[in-house]
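Chemist: Below are the structure tokens for one structure; questions will follow.
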Amino acid sequence: MAEEDIVLDELANIPADPPKMRDKCPQCCRPVVVCWCSALPAQKLTPNSTIILLQHPAEEKRCLRTAPMLSLGLADGKCLIYKGKKFPDSTRLVLTFFAISGLDVLNSLDSLSAERKQEIINWIYSLQITNDEELVSGFQGTSILNTVENINQNSLFKWGHIANTYSALCSLLALGDDLSRINRESIIKSIRALQDDEGCFSAAKEGTESDMRFVYCAACVCYILDDWSGMDITKTIEFILKSISYDYGIGQGPELESHGGPTYCAIATLILLERLDVLSDKQIEGIKRWLVFRQIDGFQGRPNKPVDTCYSFWIGATLRMLNAHDLINYDKNYEYVMSTEDPVIGGFSKWVDTHPDPLHTYLGLGSLSLMHKENLSELVPTLNISERAYSNLKLIHDKWKNNQ
């Protein structure tokens, strides 16, 4: 028999009915021979936090099915699975701050109509959470956890985040808002609840890091809301002092590597507290030296690291606060920052020939402002807002004092 006839004969004898399906486990829905239910814990795990899983619909169809594995291994209510192809960005409010403040530094806020500004203000206020029972008041970064079931009421993970609260307040000030809709008392109470025994702050009630970034955000929120009951000032100062390293740079916490970002956060916090005097002359001079040594052409965040546009602001602003900004090489720094500008779409990136982004664009503009370049608006380095926004804040503070 010819080879072609053999092939045709085999094809003709293929059963028309579909093959018998393998038996499936009713719990994990996988074939019994590859069921993994026996590997699940005998008693479901009960972690302190609830786990939120964002699942793409295509993953639900994958044979391994890891999402049900996690769900079946945890106690009821400890694993929430949200299905969708796209989820709102949890840092949207921070990106809004970069965009609004960037326009402010460029003296271009008037490119937004009055109606558009009001729309943005209203959207920011829509993210405000007031929850004195759980002490999670503040601003969300997005509306991702706002659903038709929990509209206008508190629910799991509808919590304020300290960086988003800072971003919201700064954006509102830049837009000329009077902060009249801010629930100051509730936010301050919740800020205080985020401070630990060491004096550091977490970003939110659960599931976040705690380090110098959030100490700074807490200080800014307390300063803007004109209420320092939101932090134990003595513990905050002690935390900062313990975070100064042997080389006089400051880390994210005690015994951690010196870094340009935390150094900015720590110095700005002390100045907002009007307690820069807790540093000795030797410490201040040592910090200045560490900062100046970060300049290559632009600035690096740590020794032996490449330069990065954002550190032209973090390092430059810290030197400005310490009255030592004139120690840097302006021309070299300017050349580096401008070399990261995209000639087609605009904006600044962290390195040359890489994509620009909102963070590095705003901080690049901030570094140019500190050098009095390009007819930019002056920045207040402690709060990282424009002089215009700061003037608005001073008027608000005066109004609050007069109404007491």
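By order in the structure tokens, chains are A, B, ...; within a chain, residues start at 1; ligands start at 1, following the order shown.
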Near Arg181 in chain A, within 10 Å and counting only C-alpha atoms, which residues show up once chain neighbours fewer than 6 positions away are dropped, as an MDAnalysis selection string?
Modeler: chainID A and resid 122 125 128
Chemist: Export, as a tab-separated table (two decimals), in the first residue's frame, the selected residues with all heavy atoms.
Modeler:
chain	number	residue	atom	x	y	z
A	122	ASN	N	-12.23	69.56	41.44
A	122	ASN	CA	-13.34	68.70	41.88
A	122	ASN	C	-12.95	67.23	41.84
A	122	ASN	O	-13.35	66.45	42.72
A	122	ASN	CB	-14.57	68.94	41.00
A	122	ASN	CG	-15.18	70.32	41.22
A	122	ASN	OD1	-14.96	70.95	42.25
A	122	ASN	ND2	-15.93	70.78	40.23
A	125	TYR	N	-10.80	66.47	44.89
A	125	TYR	CA	-11.62	66.35	46.10
A	125	TYR	C	-12.45	65.06	46.10
A	125	TYR	O	-12.78	64.53	47.17
A	125	TYR	CB	-12.55	67.56	46.23
A	125	TYR	CG	-11.90	68.75	46.91
A	125	TYR	CD1	-11.70	69.94	46.22
A	125	TYR	CD2	-11.51	68.68	48.24
A	125	TYR	CE1	-11.10	71.03	46.84
A	125	TYR	CE2	-10.92	69.76	48.88
A	125	TYR	CZ	-10.71	70.94	48.17
A	125	TYR	OH	-10.12	72.02	48.80
A	128	GLN	N	-10.90	62.35	48.18
A	128	GLN	CA	-10.69	62.54	49.62
A	128	GLN	C	-11.51	61.52	50.41
A	128	GLN	O	-12.68	61.29	50.13
A	128	GLN	CB	-11.09	63.95	50.04
A	128	GLN	CG	-10.83	64.24	51.52
A	128	GLN	CD	-11.11	65.67	51.92
A	128	GLN	OE1	-10.56	66.17	52.91
A	128	GLN	NE2	-11.95	66.36	51.17
Chemist: Quick one: residues within 9 Å of range 275-289 of chain A, only C-alpha atoms, excluding same-chain residues fewer than 6 positions away - as a PyMOL selection string?
Modeler: chain A and resi 237+241+244+247-250+263+267-269+318-319+322+324
Chemist: Write to file, as an mmCIF file, in the first residue's frame, the residues of the selection just made, with all heavy atoms.
Modeler:
data_model
loop_
_atom_site.group_PDB
_atom_site.id
_atom_site.type_symbol
_atom_site.label_atom_id
_atom_site.label_comp_id
_atom_site.auth_asym_id
_atom_site.auth_seq_id
_atom_site.Cartn_x
_atom_site.Cartn_y
_atom_site.Cartn_z
ATOM 1 N N ILE A 237 12.449 63.854 65.079
ATOM 2 C CA ILE A 237 13.820 64.375 65.090
ATOM 3 C C ILE A 237 14.808 63.272 65.446
ATOM 4 O O ILE A 237 15.884 63.141 64.821
ATOM 5 C CB ILE A 237 13.931 65.563 66.056
ATOM 6 C CG1 ILE A 237 13.114 66.748 65.517
ATOM 7 C CG2 ILE A 237 15.390 65.961 66.271
ATOM 8 C CD1 ILE A 237 13.021 67.921 66.471
ATOM 9 N N LEU A 241 18.015 61.996 63.165
ATOM 10 C CA LEU A 241 19.393 62.013 63.672
ATOM 11 C C LEU A 241 20.026 60.624 63.610
ATOM 12 O O LEU A 241 21.212 60.483 63.299
ATOM 13 C CB LEU A 241 19.420 62.548 65.102
ATOM 14 C CG LEU A 241 19.057 64.036 65.269
ATOM 15 C CD1 LEU A 241 19.031 64.409 66.748
ATOM 16 C CD2 LEU A 241 20.031 64.920 64.506
ATOM 17 N N ILE A 244 21.475 59.574 60.056
ATOM 18 C CA ILE A 244 22.680 60.188 59.487
ATOM 19 C C ILE A 244 23.802 59.156 59.492
ATOM 20 O O ILE A 244 24.117 58.574 60.532
ATOM 21 C CB ILE A 244 23.093 61.435 60.279
ATOM 22 C CG1 ILE A 244 21.961 62.465 60.271
ATOM 23 C CG2 ILE A 244 24.367 62.057 59.689
ATOM 24 C CD1 ILE A 244 22.232 63.689 61.134
ATOM 25 N N ASP A 247 29.216 58.930 56.687
ATOM 26 C CA ASP A 247 29.760 59.864 55.696
ATOM 27 C C ASP A 247 28.956 61.164 55.635
ATOM 28 O O ASP A 247 29.177 61.991 54.753
ATOM 29 C CB ASP A 247 29.795 59.204 54.304
ATOM 30 C CG ASP A 247 28.421 58.700 53.850
ATOM 31 O OD1 ASP A 247 27.434 58.913 54.581
ATOM 32 O OD2 ASP A 247 28.342 58.090 52.757
ATOM 33 N N TYR A 248 28.005 61.291 56.563
ATOM 34 C CA TYR A 248 27.157 62.482 56.736
ATOM 35 C C TYR A 248 26.006 62.575 55.734
ATOM 36 O O TYR A 248 25.203 63.505 55.807
ATOM 37 C CB TYR A 248 27.974 63.780 56.717
ATOM 38 C CG TYR A 248 28.888 63.909 57.907
ATOM 39 C CD1 TYR A 248 30.258 63.681 57.785
ATOM 40 C CD2 TYR A 248 28.373 64.228 59.159
ATOM 41 C CE1 TYR A 248 31.102 63.779 58.884
ATOM 42 C CE2 TYR A 248 29.210 64.325 60.268
ATOM 43 C CZ TYR A 248 30.581 64.089 60.124
ATOM 44 O OH TYR A 248 31.399 64.185 61.224
ATOM 45 N N GLY A 249 25.908 61.620 54.819
ATOM 46 C CA GLY A 249 24.683 61.539 54.041
ATOM 47 C C GLY A 249 23.596 60.928 54.917
ATOM 48 O O GLY A 249 23.861 60.417 56.016
ATOM 49 N N ILE A 250 22.350 60.974 54.466
ATOM 50 C CA ILE A 250 21.236 60.475 55.261
ATOM 51 C C ILE A 250 20.506 59.390 54.472
ATOM 52 O O ILE A 250 20.270 59.531 53.272
ATOM 53 C CB ILE A 250 20.262 61.620 55.629
ATOM 54 C CG1 ILE A 250 21.010 62.708 56.404
ATOM 55 C CG2 ILE A 250 19.085 61.103 56.461
ATOM 56 C CD1 ILE A 250 20.180 63.939 56.717
ATOM 57 N N THR A 263 18.129 62.361 52.057
ATOM 58 C CA THR A 263 18.830 63.524 52.612
ATOM 59 C C THR A 263 17.983 64.780 52.407
ATOM 60 O O THR A 263 17.827 65.605 53.320
ATOM 61 C CB THR A 263 20.211 63.687 51.961
ATOM 62 O OG1 THR A 263 20.981 62.493 52.190
ATOM 63 C CG2 THR A 263 20.960 64.875 52.546
ATOM 64 N N ILE A 267 16.346 66.942 55.629
ATOM 65 C CA ILE A 267 16.685 68.355 55.818
ATOM 66 C C ILE A 267 15.442 69.230 55.672
ATOM 67 O O ILE A 267 15.207 70.154 56.464
ATOM 68 C CB ILE A 267 17.779 68.791 54.823
ATOM 69 C CG1 ILE A 267 19.077 68.024 55.085
ATOM 70 C CG2 ILE A 267 18.023 70.299 54.925
ATOM 71 C CD1 ILE A 267 19.654 68.202 56.474
ATOM 72 N N ALA A 268 14.613 68.936 54.674
ATOM 73 C CA ALA A 268 13.381 69.709 54.482
ATOM 74 C C ALA A 268 12.464 69.573 55.687
ATOM 75 O O ALA A 268 11.849 70.556 56.136
ATOM 76 C CB ALA A 268 12.662 69.246 53.215
ATOM 77 N N THR A 269 12.383 68.369 56.251
ATOM 78 C CA THR A 269 11.540 68.152 57.426
ATOM 79 C C THR A 269 12.024 68.977 58.606
ATOM 80 O O THR A 269 11.228 69.635 59.305
ATOM 81 C CB THR A 269 11.522 66.658 57.798
ATOM 82 O OG1 THR A 269 10.928 65.915 56.728
ATOM 83 C CG2 THR A 269 10.728 66.413 59.068
ATOM 84 N N THR A 318 18.452 70.583 48.334
ATOM 85 C CA THR A 318 19.005 70.439 49.687
ATOM 86 C C THR A 318 20.128 71.449 49.903
ATOM 87 O O THR A 318 20.216 72.076 50.978
ATOM 88 C CB THR A 318 19.518 69.009 49.909
ATOM 89 O OG1 THR A 318 18.510 68.076 49.505
ATOM 90 C CG2 THR A 318 19.837 68.779 51.381
ATOM 91 N N LEU A 319 20.983 71.606 48.911
ATOM 92 C CA LEU A 319 22.038 72.614 49.021
ATOM 93 C C LEU A 319 21.452 74.025 49.115
ATOM 94 O O LEU A 319 21.961 74.866 49.862
ATOM 95 C CB LEU A 319 22.987 72.508 47.825
ATOM 96 C CG LEU A 319 23.931 71.297 47.847
ATOM 97 C CD1 LEU A 319 24.600 71.107 46.491
ATOM 98 C CD2 LEU A 319 24.985 71.452 48.940
ATOM 99 N N LEU A 322 20.386 74.666 52.551
ATOM 100 C CA LEU A 322 21.538 74.826 53.446
ATOM 101 C C LEU A 322 22.404 76.021 53.045
ATOM 102 O O LEU A 322 23.525 76.166 53.532
ATOM 103 C CB LEU A 322 22.376 73.547 53.436
ATOM 104 C CG LEU A 322 21.686 72.298 54.016
ATOM 105 C CD1 LEU A 322 22.567 71.070 53.823
ATOM 106 C CD2 LEU A 322 21.348 72.487 55.489
ATOM 107 N N ALA A 324 23.965 76.645 50.311
ATOM 108 C CA ALA A 324 25.231 76.214 49.709
ATOM 109 C C ALA A 324 25.065 75.869 48.233
ATOM 110 O O ALA A 324 25.914 75.192 47.654
ATOM 111 C CB ALA A 324 25.787 75.017 50.486
#
Chemist: Quick one, how far is CA of Asp326 in chain A from CA of Leu109 in chain A?
Modeler: 29.6 Å
Chemist: Which residue gives the smallest distance to Asp177 in chain A among A:Glu387, A:Glu335, A:Asp342, A:Glu119, with only C-alpha atoms counted?
Modeler: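 Checking each of A:Glu387, A:Glu335, A:Asp342, A:Glu119 against Asp177 in chain A, counting only C-alpha atoms, the winner is A:Glu119.
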Chemist: Find the residues around Gly253 in chain A up to 9 Å (only C-alpha atoms counted), leave out those fewer than 4 positions away in its own chain, and share them as a list in words.
Modeler: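 So the residues in contact are Cys200, Ser210, Asp211, Met212, Phe239, Ile240, Lys242, Ser243, Ile244, Glu257 and Pro262 of chain A.
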Chemist: Among range 19-189 of chain A, which residues does DSSP mark as strand (DSSP E or B) when it is run on the backbone? Keep the chain and numbering as in the structure and answer as a list of chain:residue names.
Modeler: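 Strand (DSSP E or B) members of range 19-189 of chain A, listed: A:Lys24, A:Pro31, A:Leu45, A:Ile51, A:Ile52, A:Leu53, A:Leu54, A:Gln55, A:Leu74, A:Cys79, A:Leu80, A:Ile81, A:Tyr82, A:Lys83, A:Gln128, A:Ile129, A:Gly138, A:Phe139.
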Chemist: Restricted to N, CA and C atoms, what would the selected residues look like written as a PDB file, in the first residue's frame?
Modeler:
ATOM      1  N   LYS A  24     -12.385  15.852  36.335  1.00  0.00           N
ATOM      2  CA  LYS A  24     -11.834  17.083  36.916  1.00  0.00           C
ATOM      3  C   LYS A  24     -12.142  17.177  38.402  1.00  0.00           C
ATOM      4  N   PRO A  31      -7.701  18.669  35.850  1.00  0.00           N
ATOM      5  CA  PRO A  31      -7.804  17.205  35.752  1.00  0.00           C
ATOM      6  C   PRO A  31      -7.321  16.543  37.037  1.00  0.00           C
ATOM      7  N   LEU A  45      -4.964  29.640  55.600  1.00  0.00           N
ATOM      8  CA  LEU A  45      -4.127  30.668  56.212  1.00  0.00           C
ATOM      9  C   LEU A  45      -4.942  31.943  56.441  1.00  0.00           C
ATOM     10  N   ILE A  51      -5.339  40.290  50.718  1.00  0.00           N
ATOM     11  CA  ILE A  51      -4.592  40.336  49.467  1.00  0.00           C
ATOM     12  C   ILE A  51      -5.542  40.672  48.322  1.00  0.00           C
ATOM     13  N   ILE A  52      -5.180  41.689  47.543  1.00  0.00           N
ATOM     14  CA  ILE A  52      -5.957  42.059  46.356  1.00  0.00           C
ATOM     15  C   ILE A  52      -5.192  41.595  45.122  1.00  0.00           C
ATOM     16  N   LEU A  53      -5.866  40.830  44.269  1.00  0.00           N
ATOM     17  CA  LEU A  53      -5.244  40.299  43.060  1.00  0.00           C
ATOM     18  C   LEU A  53      -5.958  40.892  41.854  1.00  0.00           C
ATOM     19  N   LEU A  54      -5.206  41.566  40.996  1.00  0.00           N
ATOM     20  CA  LEU A  54      -5.748  42.119  39.762  1.00  0.00           C
ATOM     21  C   LEU A  54      -5.469  41.112  38.647  1.00  0.00           C
ATOM     22  N   GLN A  55      -6.506  40.514  38.111  1.00  0.00           N
ATOM     23  CA  GLN A  55      -6.360  39.391  37.192  1.00  0.00           C
ATOM     24  C   GLN A  55      -6.852  39.745  35.790  1.00  0.00           C
ATOM     25  N   LEU A  74      -6.362  30.612  51.324  1.00  0.00           N
ATOM     26  CA  LEU A  74      -6.556  31.661  52.328  1.00  0.00           C
ATOM     27  C   LEU A  74      -7.969  31.621  52.884  1.00  0.00           C
ATOM     28  N   CYS A  79      -8.682  37.071  50.305  1.00  0.00           N
ATOM     29  CA  CYS A  79      -8.166  37.207  48.934  1.00  0.00           C
ATOM     30  C   CYS A  79      -9.288  37.739  48.055  1.00  0.00           C
ATOM     31  N   LEU A  80      -9.113  38.959  47.567  1.00  0.00           N
ATOM     32  CA  LEU A  80     -10.107  39.570  46.692  1.00  0.00           C
ATOM     33  C   LEU A  80      -9.552  39.607  45.274  1.00  0.00           C
ATOM     34  N   ILE A  81     -10.288  39.032  44.315  1.00  0.00           N
ATOM     35  CA  ILE A  81      -9.828  38.961  42.928  1.00  0.00           C
ATOM     36  C   ILE A  81     -10.680  39.881  42.072  1.00  0.00           C
ATOM     37  N   TYR A  82     -10.014  40.857  41.447  1.00  0.00           N
ATOM     38  CA  TYR A  82     -10.686  41.772  40.526  1.00  0.00           C
ATOM     39  C   TYR A  82     -10.222  41.443  39.111  1.00  0.00           C
ATOM     40  N   LYS A  83     -11.187  41.201  38.220  1.00  0.00           N
ATOM     41  CA  LYS A  83     -10.854  40.834  36.843  1.00  0.00           C
ATOM     42  C   LYS A  83     -11.030  42.030  35.923  1.00  0.00           C
ATOM     43  N   GLN A 128     -10.899  62.353  48.180  1.00  0.00           N
ATOM     44  CA  GLN A 128     -10.691  62.545  49.619  1.00  0.00           C
ATOM     45  C   GLN A 128     -11.506  61.520  50.408  1.00  0.00           C
ATOM     46  N   ILE A 129     -10.860  60.901  51.380  1.00  0.00           N
ATOM     47  CA  ILE A 129     -11.496  59.917  52.254  1.00  0.00           C
ATOM     48  C   ILE A 129     -11.578  60.499  53.661  1.00  0.00           C
ATOM     49  N   GLY A 138      -7.622  60.928  54.324  1.00  0.00           N
ATOM     50  CA  GLY A 138      -6.595  61.475  53.437  1.00  0.00           C
ATOM     51  C   GLY A 138      -7.080  61.372  51.999  1.00  0.00           C
ATOM     52  N   PHE A 139      -6.148  61.205  51.076  1.00  0.00           N
ATOM     53  CA  PHE A 139      -6.503  61.116  49.658  1.00  0.00           C
ATOM     54  C   PHE A 139      -6.042  59.798  49.060  1.00  0.00           C
TER      55      PHE A 139
END
Chemist: Please provide as a ChimeraX atom specification all residues within 9 Å of range 352-363 of chain A, with the sequence filter that same-chain residues fewer than 4 positions apart are discarded (counting only C-alpha atoms).
Modeler: /A:94-96,98-99,101-103,105,308-314,336-337,339-342,345-348,367-368
Chemist: Report the residues of range 58-291 of chain A whose backbone DSSP state falls under alpha helix (DSSP H), written as a VMD selection string.
Modeler: chain A and resid 58 to 60 66 to 73 92 to 105 114 to 126 162 to 174 184 to 193 212 to 224 233 to 242 260 to 272 281 to 291
Chemist: Might you pull out every residue within 8 Å of range 141-143 of chain A, with only C-alpha atoms counted and same-chain residues fewer than 3 positions away left off, and present them as number ranges by chain?
Modeler: A: 88-94, 127, 146, 161, 164
